[in-house]
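The structure under discussion appears below in the form of structure tokens.
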Amino acid sequence: MMLLTIQSWPKAILHIDADAFFASCEQAVNPQLKGKPVTTGRERGIVAAASYEAKARGVKRGMRTFEVKRICPDAIILPSDYETYSLFSVRMFEVLRRFSPDVEEYSIDEAFADLTGLRQVYHGSYESIAGKIQDTVKKELGINVSIGISLSKVLAKIGSKHKKPGGLVLIPGRDIHFYLNGLSMGDVWGIGPNTAAYLNKLGINTALEFARKDEGFIQRHLHKPHLEIWHELNGRSIYPVVSGSKSSYQSISKARTFTPASNDEIFVYAQLSKNLENACIKARRHKLAAIRLIIFLRGQDFRNHAVEIRLSSPTSYPVDMFSALRDGFYHIYRHDALYRQTGVVLAGLVAEDRIQMTLFDDPVRIEKMSKIYCAVDAISGKFGKHAIQHASSLPAKLQAQHEGERGDVPRRKTELFKGENTRQRVGLPVLNIKI
Amino acid sequence: MVMRSLDINKLNIRIRDIARFYYEKGRMPTFSEIGDLTGLKSKSTVSKLINSLRKLDVLDKDKTGRLIPKSICYPVKILGTVEAGFPIPAEEELADTISLDKLLIQNPTATFMLKVSGDSMSDAGILPGDMVIVDRGQAPRNNDIVIAEVDGQWTMKYLKKRGDSITLMPANQKYKPIKPKNELNIAGVVTAVIRKYR
């Protein structure tokens, strides 16, 4: 076969992907779960993550809990413990940073790292560096990760996906075509189902066929992002590894599921109000303000009803958005429907200090609000989130989020140490071993 | 001379402001946030301040240029008191203190907690309800207290090595020493025990 490039390692980009991450964290803190089918997401009524033992029995992500019980009666179905998963996630990134300063935290269980030039430092091949990373994560965190290393991010992702779990796949320049041959376009990072279908119509089915097209063809039929992917597949790195913690956001979204589904207007609105408060807390933490507010309600039938509202000026204070929230809510709310989830999205984010005041703004009021929310955030910092909140969110706090068995909260939130409370706990994962 | 003590005073206030930020937010401020905290308008004065604080070992920069706390993160003050109004270079005293976190945790990425339920280590001062700090990153040595899986059972015991033979020793007469028959899997070393009374 014709080579795509002759250079083996002009660049070395690593992609790390934790295997069945949430389920693996649960197995790491509770060794009794090792080797057993485990799923998380019990409180949502669906599978958020499934251990490889559960996957082997046919359990898939997104499957409903009752289906899991049918096909795998001995499955251990756990409520999500996002606090523990986050601690593991941060630790995985920290381990990576020991090997390279250029680490991009891509999602809770995925990261990129630029290893270019590190072979001399570690006196070994890229493969041996990746092996050390895998071993360190396994030893210190107790979870398995898959790693791909190649010349670009898109290729590194193909590598990490190639042999899960526990895979370590290097794709040097002269081997790229082996890995792209037979890989369907839909499996390439950044190519959605629509683009894949369109490419099929152009006679392109595999990533190799796509990579072999000339630049003119790509430019004639496709757009800039696809041209970038085309370069990346040919081993020319376009997407840089952006190091640092994730701090820039396009939008901030907060959604909460509750059971049983409800048609209680005040309760459903309270859920929405609480989401708005949460989203605003996050926006303020990152010193951002939103100009657009998107509201959605998800019905019992899993259908979404959404509305987008433009705010009069960018803000991160719920009090400025409540009238828009109320209007939007009544625009989509139906008394005869049952709802199971609500959510808000803050979009059109701008840096807080770059907000232009308009002629109609009341500077005294703005200053006052800024002081009030500073105080709210300070109180939350001291006593935990939602120590103080808007009254409209109160019904969401008073009623349990989930009824019955799905109301289970993770063990970490109930088995507290002296000095911990339901909101604030020590930032270390707790082993669930009876000794 | 007056000028000099004024400078130190100012520096102390700035260190205190940065330290307060660190305690409140749980992270070090960025360069621009330091500018806001201290009222320093230009980037170069902020970077000058940071350089002098680095020399004093108050903080440092990592490879990516982000600030990391050094003596600024040590809240437990062991040394003497400060006389009011008299400028004292606090950083010299603070440089010799460490936080409880640092005292208890050697490998932050490999450290877990575990609540004790049994009394088999009571003579070692570990009681039911205590919190033990477990380090997965350290190699277990003779006489360490370890969390181990022995023939399918989890336990916390002293690790006693003699030549090739390994015994897990309880610290309570009610329990017998354990000799692993088939399998021994050491999950971590107990590096500290914490008991909180109120």
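Residues are named by chain letter and number: chains run A, B, ... in the order of the structure tokens, numbers start at 1 in each chain, and ligands are numbered from 1 in the order shown.
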Leaving out A:Glu26 and any residue of its chain fewer than 6 positions from it, which residues lie within 10 Å of it when counting only C-alpha atoms, given as an MDAnalysis selection string?
chainID A and resid 32:34 38:40 51 78 80:81 84:85 143 431:432
Produce a table with one row for each residue of chain A that has an atom at most 10 Å from any atom of chain B, each row naming the nearest atom pair and its distance in Å at one decimal; use only C-alpha atoms; arrange rows by chain and rising residue number; format as a Markdown table.
```
| residue | atom | partner | partner_atom | distance |
| --- | --- | --- | --- | --- |
| A:Val29 | CA | B:Phe112 | CA | 8.6 |
| A:Pro31 | CA | B:Trp154 | CA | 9.1 |
| A:Gln32 | CA | B:Gly152 | CA | 9.2 |
| A:Leu87 | CA | B:Thr109 | CA | 9.0 |
| A:Phe88 | CA | B:Thr109 | CA | 8.3 |
| A:Val90 | CA | B:Thr109 | CA | 8.5 |
| A:Arg91 | CA | B:Thr109 | CA | 5.2 |
| A:Met92 | CA | B:Thr109 | CA | 8.0 |
| A:Phe93 | CA | B:Thr109 | CA | 9.7 |
| A:Glu94 | CA | B:Thr109 | CA | 7.2 |
| A:Val95 | CA | B:Thr109 | CA | 7.4 |
| A:Arg97 | CA | B:Lys63 | CA | 9.9 |
| A:Ser100 | CA | B:Lys63 | CA | 9.6 |
| A:Pro101 | CA | B:Lys63 | CA | 6.4 |
| A:Asp102 | CA | B:Thr64 | CA | 7.9 |
| A:Val103 | CA | B:Thr64 | CA | 9.9 |
| A:Thr136 | CA | B:Gly137 | CA | 8.7 |
| A:Val137 | CA | B:Ala110 | CA | 8.9 |
| A:Lys139 | CA | B:Gly137 | CA | 6.8 |
| A:Glu140 | CA | B:Ala110 | CA | 4.4 |
| A:Leu141 | CA | B:Ala110 | CA | 6.1 |
| A:Gly142 | CA | B:Arg136 | CA | 8.7 |
| A:Ser243 | CA | B:Thr64 | CA | 8.0 |
| A:Gly244 | CA | B:Thr64 | CA | 7.7 |
| A:Arg285 | CA | B:Lys25 | CA | 9.6 |
| A:Ala378 | CA | B:Glu24 | CA | 8.4 |
| A:Gly381 | CA | B:Glu24 | CA | 7.3 |
| A:Lys382 | CA | B:Glu24 | CA | 8.5 |
| A:Glu415 | CA | B:Lys115 | CA | 8.8 |
| A:Leu416 | CA | B:Lys115 | CA | 9.1 |
| A:Phe417 | CA | B:Met131 | CA | 7.5 |
| A:Lys418 | CA | B:Lys196 | CA | 6.2 |
| A:Gly419 | CA | B:Arg198 | CA | 7.4 |
| A:Val426 | CA | B:Met113 | CA | 9.1 |
| A:Gly427 | CA | B:Phe112 | CA | 9.4 |
| A:Leu428 | CA | B:Phe112 | CA | 5.7 |
| A:Pro429 | CA | B:Phe112 | CA | 5.2 |
| A:Val430 | CA | B:Met113 | CA | 4.6 |
| A:Leu431 | CA | B:Leu114 | CA | 5.1 |
| A:Asn432 | CA | B:Leu114 | CA | 7.0 |
| A:Ile433 | CA | B:Trp154 | CA | 7.0 |
| A:Lys434 | CA | B:Ser117 | CA | 6.3 |
| A:Ile435 | CA | B:Thr155 | CA | 5.0 |
```
Suppose you want the space between atom CA of A:Asn234 and atom CA of A:Ser160; what is it in Å?
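Computing the Euclidean distance for atom CA of A:Asn234 and atom CA of A:Ser160 yields 17.5 Å.
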I want to know what sits within 12 Å of B:Ser32, based on only C-alpha atoms, with residues of the same chain fewer than 4 positions away left out; could you give that as a PyMOL selection string?
chain B and resi 28+36-47+50+66-67
List every residue of stretch 75-206 of chain A that DSSP, applied to the backbone of this structure, assigns to strand (DSSP E or B), and report them as JSON, numbers by chain.
{"A": [76, 77, 78, 103, 104, 105, 106, 107, 110, 111, 112, 113, 114, 145, 146, 147, 148, 149, 150, 168, 169, 170, 184, 206]}
Written file, previous selection with C-alpha atoms, as a PDB file, in the first residue's frame:
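Result file out_23.pdb:
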```pdb
ATOM      1  CA  ILE A  76     -24.641  -4.289  40.511  1.00  0.00           C
ATOM      2  CA  ILE A  77     -26.402  -1.035  39.706  1.00  0.00           C
ATOM      3  CA  LEU A  78     -24.880   1.889  41.595  1.00  0.00           C
ATOM      4  CA  VAL A 103      -1.664  18.293  28.932  1.00  0.00           C
ATOM      5  CA  GLU A 104      -5.112  19.130  27.647  1.00  0.00           C
ATOM      6  CA  GLU A 105      -7.994  18.003  29.834  1.00  0.00           C
ATOM      7  CA  TYR A 106     -10.491  17.049  27.182  1.00  0.00           C
ATOM      8  CA  SER A 107     -13.267  15.531  29.278  1.00  0.00           C
ATOM      9  CA  GLU A 110      -9.976  11.776  28.384  1.00  0.00           C
ATOM     10  CA  ALA A 111      -6.909  13.930  27.856  1.00  0.00           C
ATOM     11  CA  PHE A 112      -4.332  14.771  25.233  1.00  0.00           C
ATOM     12  CA  ALA A 113      -0.636  15.291  25.916  1.00  0.00           C
ATOM     13  CA  ASP A 114       2.153  16.419  23.642  1.00  0.00           C
ATOM     14  CA  VAL A 145      -6.587   3.346  30.632  1.00  0.00           C
ATOM     15  CA  SER A 146      -6.158   2.999  26.878  1.00  0.00           C
ATOM     16  CA  ILE A 147      -3.540   5.083  25.129  1.00  0.00           C
ATOM     17  CA  GLY A 148      -3.007   6.037  21.525  1.00  0.00           C
ATOM     18  CA  ILE A 149       0.043   7.911  20.255  1.00  0.00           C
ATOM     19  CA  SER A 150       0.375   9.361  16.798  1.00  0.00           C
ATOM     20  CA  LEU A 168      -1.473   0.883  23.948  1.00  0.00           C
ATOM     21  CA  VAL A 169      -1.393   1.653  20.242  1.00  0.00           C
ATOM     22  CA  LEU A 170       1.292   3.641  18.459  1.00  0.00           C
ATOM     23  CA  SER A 184     -15.472   3.869   8.734  1.00  0.00           C
ATOM     24  CA  THR A 206     -13.287   4.577   4.892  1.00  0.00           C
TER      25      THR A 206
END
```
Of the listed residues B:Ile15, B:Val146, B:Lys48, B:Leu103, that which approaches B:Ser71 most closely, counting only C-alpha atoms:
B:Ile15
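A straight line drawn from atom CA of B:Asp123 to atom CA of B:Asn143 is 14.3 Å long.
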What is the atom CA of A:Pro37-atom CA of A:Asn144 distance in Å, reported with one decimal?
15.9 Å
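Proximity of A:Ala351, A:Val268, A:Val344, A:Leu359 to A:Ser312, computed with only C-alpha atoms, is greatest for A:Leu359.
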Would you please work out which residue, of A:Arg292, A:His402, A:Lys397, A:Arg310, is nearest to A:Pro260 when using only C-alpha atoms?
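Between A:Arg292, A:His402, A:Lys397, A:Arg310, the residue approaching A:Pro260 most closely is A:His402.
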Distance query B:Asn142 at most 10 Å, only C-alpha atoms, self and fewer than 4 positions along chain excluded, as a PDB file with C-alpha atoms, in the first residue's frame:
```pdb
ATOM      1  CA  VAL B 146      -1.060  -2.571  55.336  1.00  0.00           C
ATOM      2  CA  TYR B 158       1.056  -5.360  60.498  1.00  0.00           C
ATOM      3  CA  LEU B 159       3.162  -6.768  57.678  1.00  0.00           C
ATOM      4  CA  LYS B 160       5.892  -9.028  59.065  1.00  0.00           C
ATOM      5  CA  LYS B 161       8.450 -10.308  56.619  1.00  0.00           C
ATOM      6  CA  ARG B 162      11.043 -12.871  57.569  1.00  0.00           C
ATOM      7  CA  ILE B 166       5.084 -13.277  55.288  1.00  0.00           C
TER       8      ILE B 166
END
```
Which of stretch 119-179 of chain A end up as alpha helix (DSSP H) when DSSP is run on this backbone - answer as number ranges by chain?
A: 119-122, 126-141, 153-162, 176-179
Excluding A:Ile158 and residues on its chain fewer than 6 positions from it, collect all residues at most 8 Å away from it, counting only C-alpha atoms, and give them as an MDAnalysis selection string.
chainID A and resid 148 179 188:189
Please identify all polymer residues within 10 Å of A:Leu199, counting only C-alpha atoms, omitting same-chain residues fewer than 3 positions from it, and present them as a PDB file with C-alpha atoms, in the first residue's frame.
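Output contents, as saved in result-v4.pdb:
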```pdb
ATOM      1  CA  MET A 185     -15.690   7.648   8.495  1.00  0.00           C
ATOM      2  CA  GLY A 186     -18.238   7.860  11.297  1.00  0.00           C
ATOM      3  CA  ILE A 191     -17.087  13.459  11.696  1.00  0.00           C
ATOM      4  CA  PRO A 193     -23.320  10.884  11.153  1.00  0.00           C
ATOM      5  CA  ASN A 194     -24.541  13.451   8.620  1.00  0.00           C
ATOM      6  CA  THR A 195     -21.088  14.124   7.211  1.00  0.00           C
ATOM      7  CA  ALA A 196     -20.368  10.391   7.134  1.00  0.00           C
ATOM      8  CA  LEU A 202     -19.363  10.845  -2.647  1.00  0.00           C
ATOM      9  CA  GLY A 203     -18.059   7.309  -2.678  1.00  0.00           C
ATOM     10  CA  ILE A 204     -15.911   7.671   0.432  1.00  0.00           C
ATOM     11  CA  ASN A 205     -16.529   4.964   3.001  1.00  0.00           C
ATOM     12  CA  THR A 206     -13.287   4.577   4.892  1.00  0.00           C
ATOM     13  CA  PHE A 210     -10.885  10.126   2.629  1.00  0.00           C
ATOM     14  CA  HIS A 221     -17.114  19.344  -1.413  1.00  0.00           C
ATOM     15  CA  LEU A 222     -16.519  20.056   2.254  1.00  0.00           C
TER      16      LEU A 222
END
```
Tell me, as JSON, numbers by chain, which residues lie within 12 Å of stretch 18-23 of chain B, counting only C-alpha atoms; anything in the same chain fewer than 4 positions away does not count.
{"A": [378, 381, 382], "B": [11, 12, 13, 14, 27, 28, 29, 30, 31, 33, 34, 35, 36, 37, 38, 49, 50, 53, 58, 59, 67, 68, 69, 70, 71, 72, 73, 74, 75, 91, 94, 99]}
With N, CA and C atoms kept, could you save the residues just selected as a JSON list (two decimals), in the first residue's frame?
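Generated file (again-v8.json):
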```json
[["chain", "number", "residue", "atom", "x", "y", "z"],
["A", 378, "ALA", "N", -19.73, 33.79, 48.99],
["A", 378, "ALA", "CA", -18.86, 33.65, 50.16],
["A", 378, "ALA", "C", -19.49, 32.70, 51.17],
["A", 381, "GLY", "N", -19.17, 29.24, 49.94],
["A", 381, "GLY", "CA", -17.80, 28.77, 50.11],
["A", 381, "GLY", "C", -17.57, 28.25, 51.51],
["A", 382, "LYS", "N", -18.21, 28.90, 52.47],
["A", 382, "LYS", "CA", -17.99, 28.52, 53.85],
["A", 382, "LYS", "C", -18.87, 27.36, 54.29],
["B", 11, "LEU", "N", 4.95, 44.31, 51.61],
["B", 11, "LEU", "CA", 5.12, 42.96, 51.09],
["B", 11, "LEU", "C", 4.30, 41.96, 51.91],
["B", 12, "ASN", "N", 4.36, 42.17, 53.25],
["B", 12, "ASN", "CA", 3.61, 41.28, 54.13],
["B", 12, "ASN", "C", 2.12, 41.34, 53.85],
["B", 13, "ILE", "N", 1.62, 42.55, 53.64],
["B", 13, "ILE", "CA", 0.20, 42.70, 53.36],
["B", 13, "ILE", "C", -0.15, 41.97, 52.07],
["B", 14, "ARG", "N", 0.75, 42.10, 51.08],
["B", 14, "ARG", "CA", 0.48, 41.44, 49.79],
["B", 14, "ARG", "C", 0.50, 39.92, 49.93],
["B", 27, "ARG", "N", -7.18, 27.78, 45.38],
["B", 27, "ARG", "CA", -6.19, 27.75, 44.29],
["B", 27, "ARG", "C", -5.41, 29.05, 44.34],
["B", 28, "MET", "N", -4.29, 29.08, 43.62],
["B", 28, "MET", "CA", -3.50, 30.29, 43.57],
["B", 28, "MET", "C", -4.13, 31.26, 42.58],
["B", 29, "PRO", "N", -4.02, 32.56, 42.84],
["B", 29, "PRO", "CA", -4.57, 33.53, 41.89],
["B", 29, "PRO", "C", -3.74, 33.57, 40.61],
["B", 30, "THR", "N", -4.36, 34.05, 39.53],
["B", 30, "THR", "CA", -3.63, 34.26, 38.29],
["B", 30, "THR", "C", -2.88, 35.59, 38.41],
["B", 31, "PHE", "N", -2.04, 35.88, 37.40],
["B", 31, "PHE", "CA", -1.31, 37.15, 37.43],
["B", 31, "PHE", "C", -2.28, 38.33, 37.50],
["B", 33, "GLU", "N", -5.31, 38.37, 38.58],
["B", 33, "GLU", "CA", -6.01, 38.43, 39.87],
["B", 33, "GLU", "C", -5.10, 39.01, 40.95],
["B", 34, "ILE", "N", -3.80, 38.73, 40.86],
["B", 34, "ILE", "CA", -2.86, 39.34, 41.81],
["B", 34, "ILE", "C", -2.85, 40.85, 41.62],
["B", 35, "GLY", "N", -2.93, 41.24, 40.36],
["B", 35, "GLY", "CA", -3.02, 42.67, 40.06],
["B", 35, "GLY", "C", -4.22, 43.30, 40.76],
["B", 36, "ASP", "N", -5.37, 42.59, 40.69],
["B", 36, "ASP", "CA", -6.59, 43.10, 41.33],
["B", 36, "ASP", "C", -6.44, 43.12, 42.85],
["B", 37, "LEU", "N", -5.85, 42.06, 43.40],
["B", 37, "LEU", "CA", -5.71, 41.94, 44.86],
["B", 37, "LEU", "C", -4.83, 43.04, 45.43],
["B", 38, "THR", "N", -3.77, 43.32, 44.71],
["B", 38, "THR", "CA", -2.76, 44.20, 45.28],
["B", 38, "THR", "C", -2.89, 45.63, 44.78],
["B", 49, "LEU", "N", 6.78, 41.52, 41.56],
["B", 49, "LEU", "CA", 6.35, 41.07, 42.89],
["B", 49, "LEU", "C", 6.49, 39.55, 42.99],
["B", 50, "ILE", "N", 6.02, 38.86, 41.94],
["B", 50, "ILE", "CA", 6.07, 37.40, 41.96],
["B", 50, "ILE", "C", 7.51, 36.92, 42.02],
["B", 53, "LEU", "N", 8.71, 37.25, 45.51],
["B", 53, "LEU", "CA", 8.10, 36.24, 46.37],
["B", 53, "LEU", "C", 8.70, 34.86, 46.10],
["B", 58, "VAL", "N", 8.04, 31.98, 48.96],
["B", 58, "VAL", "CA", 6.64, 32.10, 49.36],
["B", 58, "VAL", "C", 5.76, 31.35, 48.36],
["B", 59, "LEU", "N", 6.12, 31.47, 47.07],
["B", 59, "LEU", "CA", 5.42, 30.75, 46.03],
["B", 59, "LEU", "C", 6.40, 30.45, 44.91],
["B", 67, "LEU", "N", 1.06, 29.66, 39.00],
["B", 67, "LEU", "CA", 1.68, 29.80, 40.31],
["B", 67, "LEU", "C", 1.35, 28.59, 41.17],
["B", 68, "ILE", "N", 2.35, 28.17, 41.95],
["B", 68, "ILE", "CA", 2.09, 27.12, 42.92],
["B", 68, "ILE", "C", 2.50, 27.63, 44.29],
["B", 69, "PRO", "N", 1.72, 27.27, 45.32],
["B", 69, "PRO", "CA", 1.99, 27.80, 46.65],
["B", 69, "PRO", "C", 3.21, 27.12, 47.26],
["B", 70, "LYS", "N", 4.04, 27.88, 47.94],
["B", 70, "LYS", "CA", 5.12, 27.26, 48.73],
["B", 70, "LYS", "C", 4.79, 27.56, 50.20],
["B", 71, "SER", "N", 5.53, 28.46, 50.82],
["B", 71, "SER", "CA", 5.28, 28.69, 52.24],
["B", 71, "SER", "C", 3.92, 29.33, 52.48],
["B", 72, "ILE", "N", 3.32, 29.88, 51.42],
["B", 72, "ILE", "CA", 2.04, 30.56, 51.58],
["B", 72, "ILE", "C", 0.92, 29.59, 51.96],
["B", 73, "CYS", "N", 1.12, 28.29, 51.67],
["B", 73, "CYS", "CA", 0.04, 27.33, 51.91],
["B", 73, "CYS", "C", 0.15, 26.67, 53.28],
["B", 74, "TYR", "N", 1.05, 27.14, 54.11],
["B", 74, "TYR", "CA", 1.22, 26.47, 55.40],
["B", 74, "TYR", "C", 0.46, 27.22, 56.49],
["B", 75, "PRO", "N", -0.77, 26.79, 56.76],
["B", 75, "PRO", "CA", -1.58, 27.56, 57.68],
["B", 75, "PRO", "C", -1.25, 27.31, 59.15],
["B", 91, "GLU", "N", 7.35, 35.62, 56.44],
["B", 91, "GLU", "CA", 7.64, 34.48, 55.56],
["B", 91, "GLU", "C", 8.78, 33.63, 56.08],
["B", 94, "LEU", "N", 7.09, 31.40, 58.51],
["B", 94, "LEU", "CA", 6.16, 30.49, 57.83],
["B", 94, "LEU", "C", 6.89, 29.45, 56.99],
["B", 99, "SER", "N", 1.55, 22.36, 56.27],
["B", 99, "SER", "CA", 0.11, 22.19, 56.51],
["B", 99, "SER", "C", -0.15, 20.76, 56.97]]
```
Counting only C-alpha atoms, figure out which residue out of A:Ile129, A:Ala156, A:Ala387, A:Ala49 gets nearest to A:Ser237.
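Smallest separation from A:Ser237 among the options: A:Ala156.
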